[in-house]
Amino acid sequence: MLSLFKKINAYCKDNTGIAAVEFALVAPSLVLMMVGAIDFGMYLNYQIKMENSARAAVEYVLQGGSINNIESDVITAENMSLTEDQMEELDITAEYVCECESGEEVSCSSENACNDPGDYMRQFISVEITYGYNTIAPYPGLPETMNIKGKLRVHAP
């Protein structure tokens with residue numbers, strides 16, 4: 001009987017394997033945090049790419065490029081560091097937008113579209129790029145696909 005108590009006592013005082021048990025308990029949460037941080041970093045990277053691409057497209061038009069050639073000349077897979085499959089997921093809208101001094105949007109084709117006397121029409125270049133970002137892993141409370149937008153609207157001279 002005494003030898004049984006000695007064995008139990010020795011077993012209770014044995015510290016080998018404690019680190020392995022602690023690691024097994026902590027590792028899943030650390031891995032989850034690391035994957036979340038990488039995913040969030042990739043999301044921010046795509047957000048910056050969309051904003052910079054919209055800015056580059058507007059600059060291209062302001063420097064004399066055609067608004068119809070934005071997709072072929074500015075927003076390319078090489079410029080955005082995207083694959084061809086990812087490029088197909090982009091939704092690009094580039095247009096001239098006109099508005100009166102009051103802020104009312106009007107057709108750019110008509111010269112006297114503004115109703116108030118003395119009101120003048122201003123022309124803007126508007127570029128919006130939308131990309132559906134798929135997360136690495138599903139997160140509770142977040143959709144698996146999030147739309148990232150890069151949008152810029154600049155007064156055209």
# chains A, B, ... in the order shown; residues from 1 in each chain; ligands from 1
>>> residues_around(residues="Pro143 (chain A)", least_positions_apart="5", cutoff="9 Å", atoms="only C-alpha atoms", output="NGL selection string")
:A and (134-135 or 138)
>>> residues_around(residues="Lys151 (chain A)", least_positions_apart="3", cutoff="10 Å", atoms="only C-alpha atoms", output="list of chain:residue names")
A:Met50, A:Glu51, A:Asn52, A:Ser53, A:Ala54, A:Arg55, A:Val58, A:Ile92, A:Thr93, A:Ala94, A:Ser126, A:Val127, A:Glu128, A:Ile129, A:Thr130, A:Ile148
>>> residues_around(residues="region 98-109 of chain A", least_positions_apart="4", cutoff="9 Å", atoms="only C-alpha atoms", output="VMD selection string")
chain A and resid 113 to 116 119 to 125
>>> write_last_selection(atoms="N, CA, C and O atoms", output="compact mmCIF listing (two decimals), in the first residue's frame")
# COMPACT_ATOMS: atom_id res chain seq x y z
N ALA A 113 -29.11 72.42 -68.68
CA ALA A 113 -29.85 71.48 -67.85
C ALA A 113 -30.13 72.04 -66.46
O ALA A 113 -31.06 71.60 -65.79
N CYS A 114 -29.36 73.02 -66.04
CA CYS A 114 -29.57 73.60 -64.72
C CYS A 114 -30.70 74.61 -64.81
O CYS A 114 -30.73 75.47 -65.69
N ASN A 115 -31.65 74.53 -63.86
CA ASN A 115 -32.87 75.33 -63.93
C ASN A 115 -32.69 76.76 -63.45
O ASN A 115 -33.29 77.67 -63.97
N ASP A 116 -31.89 76.98 -62.43
CA ASP A 116 -31.75 78.32 -61.85
C ASP A 116 -30.96 79.22 -62.79
O ASP A 116 -29.96 78.81 -63.36
N ASP A 119 -26.98 79.63 -62.80
CA ASP A 119 -26.43 78.35 -62.33
C ASP A 119 -25.58 77.76 -63.45
O ASP A 119 -25.91 77.86 -64.61
N TYR A 120 -24.49 77.18 -63.10
CA TYR A 120 -23.61 76.60 -64.10
C TYR A 120 -23.47 75.11 -63.85
O TYR A 120 -23.66 74.62 -62.75
N MET A 121 -23.09 74.40 -64.91
CA MET A 121 -22.96 72.95 -64.83
C MET A 121 -21.47 72.61 -64.68
O MET A 121 -20.63 73.12 -65.41
N ARG A 122 -21.17 71.75 -63.73
CA ARG A 122 -19.80 71.29 -63.53
C ARG A 122 -19.71 69.84 -63.97
O ARG A 122 -20.63 69.07 -63.77
N GLN A 123 -18.56 69.49 -64.54
CA GLN A 123 -18.35 68.13 -65.02
C GLN A 123 -17.31 67.44 -64.15
O GLN A 123 -16.28 68.01 -63.81
N PHE A 124 -17.60 66.20 -63.79
CA PHE A 124 -16.72 65.39 -62.96
C PHE A 124 -16.38 64.10 -63.68
O PHE A 124 -17.16 63.61 -64.50
N ILE A 125 -15.23 63.56 -63.34
CA ILE A 125 -14.85 62.22 -63.78
C ILE A 125 -15.03 61.32 -62.57
O ILE A 125 -14.45 61.58 -61.50
>>> residues_around(residues="Ser66 (chain A)", least_positions_apart="5", cutoff="12 Å", atoms="only C-alpha atoms", output="list in words")
Ala57, Val58, Glu59, Tyr60, Val61, Glu71, Ser72, Asp73, Val74, Ala94, Glu95, Tyr96 and Ile125 of chain A
>>> select_by_dssp(residues="chain A", states="strand (DSSP E)", output="JSON, numbers by chain")
{"A": [91, 92, 93, 94, 95, 96, 97, 98, 99, 100, 105, 106, 121, 122, 123, 124, 125, 126, 127, 128, 129, 130, 131, 132, 133, 134, 145, 146, 147, 148, 149, 150, 151, 152, 153, 154, 155]}
>>> write_last_selection(atoms="N, CA and C atoms", output="compact mmCIF listing (two decimals), in the first residue's frame")
# COMPACT_ATOMS: atom_id res chain seq x y z
N ASP A 91 -15.44 44.94 -61.01
CA ASP A 91 -16.53 45.68 -61.63
C ASP A 91 -16.06 47.12 -61.72
N ILE A 92 -15.82 47.59 -62.95
CA ILE A 92 -15.26 48.92 -63.17
C ILE A 92 -16.31 49.81 -63.81
N THR A 93 -16.57 50.95 -63.18
CA THR A 93 -17.49 51.94 -63.72
C THR A 93 -16.74 53.26 -63.84
N ALA A 94 -16.63 53.75 -65.06
CA ALA A 94 -15.97 55.04 -65.31
C ALA A 94 -16.91 55.87 -66.16
N GLU A 95 -17.20 57.09 -65.70
CA GLU A 95 -18.15 57.93 -66.43
C GLU A 95 -17.93 59.40 -66.12
N TYR A 96 -18.44 60.23 -67.02
CA TYR A 96 -18.50 61.66 -66.78
C TYR A 96 -19.83 61.94 -66.08
N VAL A 97 -19.78 62.70 -65.01
CA VAL A 97 -20.97 63.05 -64.25
C VAL A 97 -21.05 64.57 -64.22
N CYS A 98 -22.23 65.10 -64.51
CA CYS A 98 -22.42 66.54 -64.48
C CYS A 98 -23.42 66.88 -63.38
N GLU A 99 -23.20 68.02 -62.75
CA GLU A 99 -24.14 68.47 -61.73
C GLU A 99 -24.20 69.99 -61.73
N CYS A 100 -25.33 70.49 -61.26
CA CYS A 100 -25.53 71.93 -61.14
C CYS A 100 -24.88 72.41 -59.85
N GLU A 105 -27.63 66.23 -59.94
CA GLU A 105 -26.98 65.60 -61.10
C GLU A 105 -27.87 65.74 -62.32
N VAL A 106 -27.25 66.13 -63.44
CA VAL A 106 -27.99 66.34 -64.68
C VAL A 106 -27.24 65.64 -65.81
N MET A 121 -23.09 74.40 -64.91
CA MET A 121 -22.96 72.95 -64.83
C MET A 121 -21.47 72.61 -64.68
N ARG A 122 -21.17 71.75 -63.73
CA ARG A 122 -19.80 71.29 -63.53
C ARG A 122 -19.71 69.84 -63.97
N GLN A 123 -18.56 69.49 -64.54
CA GLN A 123 -18.35 68.13 -65.02
C GLN A 123 -17.31 67.44 -64.15
N PHE A 124 -17.60 66.20 -63.79
CA PHE A 124 -16.72 65.39 -62.96
C PHE A 124 -16.38 64.10 -63.68
N ILE A 125 -15.23 63.56 -63.34
CA ILE A 125 -14.85 62.22 -63.78
C ILE A 125 -15.03 61.32 -62.57
N SER A 126 -15.82 60.28 -62.71
CA SER A 126 -16.09 59.37 -61.61
C SER A 126 -15.64 57.96 -61.99
N VAL A 127 -14.81 57.37 -61.15
CA VAL A 127 -14.34 56.00 -61.36
C VAL A 127 -14.62 55.20 -60.09
N GLU A 128 -15.25 54.06 -60.26
CA GLU A 128 -15.52 53.17 -59.13
C GLU A 128 -15.11 51.76 -59.51
N ILE A 129 -14.29 51.15 -58.66
CA ILE A 129 -13.82 49.79 -58.88
C ILE A 129 -14.26 48.95 -57.69
N THR A 130 -14.96 47.87 -57.96
CA THR A 130 -15.46 47.00 -56.90
C THR A 130 -14.88 45.60 -57.08
N TYR A 131 -14.44 45.01 -55.97
CA TYR A 131 -13.86 43.67 -55.99
C TYR A 131 -14.47 42.87 -54.85
N GLY A 132 -14.89 41.66 -55.14
CA GLY A 132 -15.44 40.77 -54.11
C GLY A 132 -14.32 39.96 -53.47
N TYR A 133 -13.94 40.33 -52.25
CA TYR A 133 -12.84 39.65 -51.55
C TYR A 133 -13.39 38.45 -50.78
N ASN A 134 -12.81 37.29 -51.02
CA ASN A 134 -13.18 36.07 -50.30
C ASN A 134 -12.20 35.85 -49.15
N THR A 145 -17.75 36.68 -48.45
CA THR A 145 -17.34 37.57 -49.53
C THR A 145 -17.69 39.00 -49.14
N MET A 146 -16.68 39.86 -49.16
CA MET A 146 -16.90 41.27 -48.82
C MET A 146 -16.52 42.13 -50.03
N ASN A 147 -17.37 43.09 -50.35
CA ASN A 147 -17.10 43.97 -51.47
C ASN A 147 -16.15 45.08 -51.04
N ILE A 148 -15.09 45.23 -51.79
CA ILE A 148 -14.11 46.29 -51.55
C ILE A 148 -14.27 47.29 -52.69
N LYS A 149 -14.39 48.58 -52.34
CA LYS A 149 -14.57 49.61 -53.35
C LYS A 149 -13.44 50.61 -53.33
N GLY A 150 -13.03 50.98 -54.51
CA GLY A 150 -12.14 52.10 -54.70
C GLY A 150 -12.90 53.10 -55.53
N LYS A 151 -13.15 54.28 -54.99
CA LYS A 151 -14.00 55.25 -55.68
C LYS A 151 -13.35 56.62 -55.63
N LEU A 152 -13.38 57.30 -56.76
CA LEU A 152 -12.83 58.65 -56.82
C LEU A 152 -13.65 59.46 -57.80
N ARG A 153 -13.92 60.70 -57.40
CA ARG A 153 -14.67 61.63 -58.24
C ARG A 153 -13.93 62.96 -58.22
N VAL A 154 -13.50 63.42 -59.40
CA VAL A 154 -12.67 64.61 -59.50
C VAL A 154 -13.27 65.57 -60.51
N HIS A 155 -13.20 66.84 -60.20
CA HIS A 155 -13.71 67.87 -61.10
C HIS A 155 -12.86 67.88 -62.36
>>> atom_distance(atom1="CA of Val26 (chain A)", atom2="CA of Leu142 (chain A)")
24.1 Å
>>> residues_around(residues="Ala77 (chain A)", least_positions_apart="2", cutoff="12 Å", atoms="only C-alpha atoms", output="PyMOL selection string")
chain A and resi 49+53+71-75+79-90
>>> select_by_dssp(residues="chain A", states="alpha helix (DSSP H)", output="PyMOL selection string")
chain A and resi 2-13+18-62+70-73+77-80+84-88
>>> atom_distance(atom1="CA of Ile70 (chain A)", atom2="CA of Ala56 (chain A)")
9.3 Å
>>> closest_residue(among="A:Ala20, A:Met33, A:Ala156, A:Cys12", to="Gly64 (chain A)", atoms="only C-alpha atoms")
A:Ala156
